[in-house]
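Colleague: Just passing along the structure, written as structure tokens.
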Amino acid sequence: MEYKLLAETYAELETYSSKLKKTEIIAKLFKETPANLLEAVTLLIQGRVFPSWSEKEIGVAEQLLLKAIAKATGQPAEDVIKDYKKSGDLGLTVENLVNKKKQRTLGQESLTIKKVFANLQEISEQGGSGSQDRKLDLIAELLAQATPQEAKYIVRTVLEQLRIGVAEGIVRDAVASAYDVSVDAVEYAWNLLPDFGEVAKAAKENGASGLKKFKLKLGTPFIVQLAEKSPSLKEAIESYKKVLLEYKYDGMRTLIHKKGDKIWVFTRNLENITAAFPDLVQMARKNIKADDCVLDGETIGLDKKTGRPIPFQQLSTRIKRKYDIEKASVEIPIDVNLFDIVYLDGKNLMDLTLGERKKYLAKTIREVHGKFHVAEGLTTSDLKEAEKFYKESLKAGEEGVIVKDLDAQYVSGRRVAGGWLKIKPVMENLDVVIIGGTWGTGKRAGTIGSLHLAIREPESGKFLECGMMGTGLKEKESDKEFSMTLKEMTKILKPYIEHESASAIKIKPKVVIEVAYEEIQKSPTYDSGFALRFPRFIRLRPDKSADEADTIERVKTLYGQQKGRGK
């Protein structure tokens with residue numbers, strides 16, 4: 001199967017914004033794809049060469065890619081750089097330079113999907129002396145054989161910047177359409193084994209019956225059950241007959257897979273963090289009694305001196321770490337809170353009730369206080385007892401509570417309502433000042449895609465940075481979810497731009513906006529000492545001047561109120 005077909009599909013997908021049209025285009029591609037190539041095609045259509053949960057990555061820097069383009073096209077490196085500065089897109093640059101090459105050699109073989117996929121995967125295997133040269137050769141080999149259009153998408157795939165607007169939901173719907181199975185059937189299989197190559201192959205060969213046979217696979221993450229928001233604690237506990245309350249931890253969702261002596265650790269986002277958390281692996285190996293199992297829980301970071309929970313933002317510095325891992329595990333010790341077991345010695349436990357799974361969990365682990373244990377919980381339907389437990393959770397430095405239905409099964413999947421409801425304090429919105437930003441790329445090109453937010457220090461008159469915001473503003477006028485477009489916001493901010501350096505922009509503190517956020521965290525990164533976690537645009541505040549924005553004292557007060565801090 002020629003890569004040309006995939007490149008033409010990419011180009012067609014770029015011309016449409018409609019999800020339905022994109023689904024139709026990809027479904028057509030899947031129908032034409034042999035079963036043995038579905039792994040490659042389902043990944044490449046998402047701009048990947050490895051599943052999202054794989055530890056492997058292409059890992060090619062822009063500078064190496066510039067050299068590969070120069071080598072493949074025969075152009076001087078300075079000409080490649082010059083074209084890149086002009087286009088701002090290495091994909092367009094290589095397309096232009098390959099187009100300038102002399103006519104393709106007579107009889108030159110066309111690139112195949114198999115060849116492109118193999119070369120790109122092989123790049124990740126290169127290490128040690130001479131690895132950069134081998135990576136360069138693998139890329140240059142493809143580019144030298146590619147048509148201009150093929151070269152553009154090869155380079156964009158290497159950079160993981162495909163820009164064709166294909167999300168997982170579109171791929172899911174395309175698999176369903178291509179093989180005449182229901183979206184729910186595809187979703188069910190993918191939730192248990194998040195690999196569209198495997199899912200598509202099963203649907204192609206055996207239809208819906210093949211998808212029903214999917215099971216958890218040790219060493220491969222699955223889509224975890226998530227809690228829905230509840231308006232109040234009272235409504236939450238009245239939702240179920242048998243109620244369990246558990247702490248809602250401000251930590252890292254942790255899936256522990258054990259097969260014999262082998263341990264894997266994954267996050268809710270399917271990241272394999274086994275290597276980054278040797279302390280967690282050691283605790284699991286030592287304190288899990290079963291031969292094979294999959295446990296679900298939450299890992300929190302602890303303050304070395306006080307033993308109290310630290311914000312997830314601090315713990316997250318360990319997730320991507322590749323160096324000084326042992327040192328980080330000493331600086332940020334962890335506490336693993338386990339609340340579920342979904343697989344045990346060859347048996348899938350998801351269909352059991354939570355009450356039954358809890359009994360298996362208790363028998364499966366050896367608890368170590370403050371290190372590796374069952375999550376803090378309380379079985380009650382009494383509102384006063386529930387409120388007391390909720391307050392204890394906040395006082396302990398946690399986010400709130402999760403109310404769970406003890407009669408419910410484990411429902412894998414991000415979009416499926418299960419038997420979990422979460423309750424946590426509602427944070428008040430803040431009025432902040434925009435003091436900087438970053439020029440957007442791709443779909444956000446020409447607009448300020450990320451805004452730097454600040455709060456006021458009345459005594460000095462300074463504006464202190466407290467976070468960056470990239471959500472709540474719509475990219476297109478047709479988006480109905482948000483009230484203002486990036487283009488409109490950029491137009492408002494442009495008159496106040498004081499300085500630009502590359503993509504970074506300094507903006508005079510004039511524009512006030514109201515933002516919502518998930519939490520206020522301590523932060524050494526910003527000069528305010530605080531960071532708004534996941535801030536999102538609510539509305540413009542033309543009625544307020546910068547001198548009326550919220551102050552550092554207000555932020556300190558709100559920080560003290562959340563989770564019982566300062567009490």
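Residues in the structure tokens are numbered from 1 in each chain, the chains being A, B, ... in the order shown, and ligands are numbered from 1 in the order shown.
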For region 315-325 of chain A, work out the shell of residues within 10 Å, counting only C-alpha atoms and skipping chain neighbours fewer than 6 positions away, then give it as a PyMOL selection string.

Modeller: chain A and resi 250-252+267+271-279+299-302+309+331-334

Colleague: So which residues of region 274-400 of chain A fall under helix (DSSP H, G or I) by DSSP, listed as a PyMOL selection string?

Modeller: chain A and resi 278-287+312-318+325-331+354-364+383-395

Colleague: Which of these residues is nearest to Arg533 (chain A), using only C-alpha atoms: A:Phe222, A:Tyr84, A:Phe339, A:Phe312?

Modeller: A:Phe312

Colleague: Hey, what's within 9 Å of Ser54 (chain A) if we count only C-alpha atoms and toss same-chain stuff fewer than 2 positions away? As a compact mmCIF listing (two decimals) with N, CA and C atoms, in the first residue's frame, please?

Modeller:
```
# COMPACT_ATOMS: atom_id res chain seq x y z
N PHE A 50 3.78 5.45 17.53
CA PHE A 50 3.64 4.57 18.68
C PHE A 50 2.33 4.92 19.39
N PRO A 51 1.70 3.93 20.05
CA PRO A 51 0.51 4.25 20.84
C PRO A 51 0.84 5.29 21.91
N SER A 52 -0.16 6.03 22.35
CA SER A 52 0.07 7.12 23.32
C SER A 52 0.65 6.60 24.63
N LYS A 56 8.17 4.62 24.01
CA LYS A 56 9.01 4.97 22.86
C LYS A 56 8.55 6.29 22.24
N GLU A 57 9.49 7.00 21.67
CA GLU A 57 9.17 8.25 20.98
C GLU A 57 10.17 8.47 19.86
N THR A 220 -0.52 -3.20 29.40
CA THR A 220 -1.13 -2.18 28.53
C THR A 220 -2.19 -1.44 29.33
N LEU A 270 -2.67 7.41 30.20
CA LEU A 270 -2.02 6.28 29.54
C LEU A 270 -0.50 6.40 29.47
N GLU A 271 0.08 7.31 30.23
CA GLU A 271 1.54 7.45 30.25
C GLU A 271 2.18 6.32 31.06
N ASN A 272 3.21 5.74 30.50
CA ASN A 272 3.97 4.71 31.22
C ASN A 272 5.03 5.41 32.06
```

Colleague: CA of Glu399 (chain A) to CA of Glu356 (chain A): how many Å, to one decimal?

Modeller: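 Taking CA of Glu399 (chain A) as the start and CA of Glu356 (chain A) as the end point, the length is 26.5 Å.
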
Colleague: Calculate how many Å separate CA of Ile435 (chain A) from CA of Gly470 (chain A), rounding to one decimal.

Modeller: 14.1 Å

Colleague: Looking at only C-alpha atoms, which of A:Gly400, A:Gly197, A:Gly127, A:Gly88 is the one that sits closest to Leu37 (chain A)?

Modeller: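 Result for the nearest residue to Leu37 (chain A): A:Gly197.
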
Colleague: Return the single residue from A:Asn348, A:Thr42, A:Ser528, A:Ser87 that is closest to Phe214 (chain A), with distances computed using only C-alpha atoms.

Modeller: A:Asn348

Colleague: Quick one: everything within 6 Å of Ala72 (chain A), counting only C-alpha atoms, minus sequence neighbours fewer than 4 positions away in the same chain. Send it as a list of chain:residue names.

Modeller: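 Near Ala72 (chain A), the qualifying residues are A:Ala140, A:Leu143, A:Ala144.
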
Colleague: Could you tell me how far CA of Lys215 (chain A) lies from CA of Ala189 (chain A), in Å and to one decimal?

Modeller: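 Distance reported for this atom pair: 7.8 Å.
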
Colleague: Using only C-alpha atoms, determine which residues lie at most 8 Å from Gly437 (chain A), disregarding the query and same-chain residues fewer than 4 positions distant; provide the list as a VMD selection string.

Modeller: chain A and resid 448 to 452 504 to 507

Colleague: Taking only C-alpha atoms into account, which of A:His257, A:Arg268, A:Arg444, A:Arg357 comes nearest Trp53 (chain A)?

Modeller: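 Checking each candidate against Trp53 (chain A), we get A:Arg268 as the closest.
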
Colleague: Would you list the contacts of Ile520 (chain A) as a ChimeraX atom specification, taking every protein, DNA or RNA residue within 12 Å and counting only C-alpha atoms, but skipping same-chain residues closer than 6 positions in sequence?

Modeller: /A:311-313,399,426-430,466-467,528-535,552,554-563,565

Colleague: My list of candidates is A:Asp292, A:Asp89, A:Glu78, A:Glu8. Which is closest to Gly442 (chain A) when distances are computed with only C-alpha atoms?

Modeller: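 Ranking A:Asp292, A:Asp89, A:Glu78, A:Glu8 by distance to Gly442 (chain A), first place goes to A:Asp89.
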
Colleague: List the spatial neighbours of Ile256 (chain A) as a compact mmCIF listing (two decimals) with C-alpha atoms, in the first residue's frame - criterion: any atom at most 10 Å away, only C-alpha atoms, same-chain residues fewer than 6 positions off excluded.

Modeller:
```
# COMPACT_ATOMS: atom_id res chain seq x y z
CA LEU A 218 -1.36 -6.83 31.51
CA GLY A 219 1.28 -4.27 30.61
CA PRO A 221 -3.11 0.64 30.19
CA ILE A 263 5.53 -4.20 37.39
CA TRP A 264 4.12 -1.49 35.12
CA VAL A 265 2.76 1.86 36.31
CA PHE A 266 0.48 4.05 34.18
CA THR A 267 -1.38 7.35 34.64
CA THR A 274 7.33 2.90 35.53
CA LEU A 280 6.45 2.95 43.71
CA VAL A 281 7.58 -0.13 41.76
CA ALA A 284 4.21 -2.70 44.65
CA CYS A 293 -3.33 -8.14 39.14
CA VAL A 294 -4.30 -4.60 38.15
CA LEU A 295 -4.84 -2.05 40.92
CA ASP A 296 -6.33 1.44 40.63
CA GLY A 297 -5.46 4.28 42.98
CA LEU A 338 -5.40 2.24 46.47
CA ILE A 341 -8.83 -3.81 41.88
```

Colleague: Looking at A:Ile492, A:Ile310, A:Val186, A:Ile223, which one is nearest to Lys522 (chain A), with distances taken over only C-alpha atoms?

Modeller: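 Using only C-alpha atoms, the shortest distance to Lys522 (chain A) belongs to A:Ile310.
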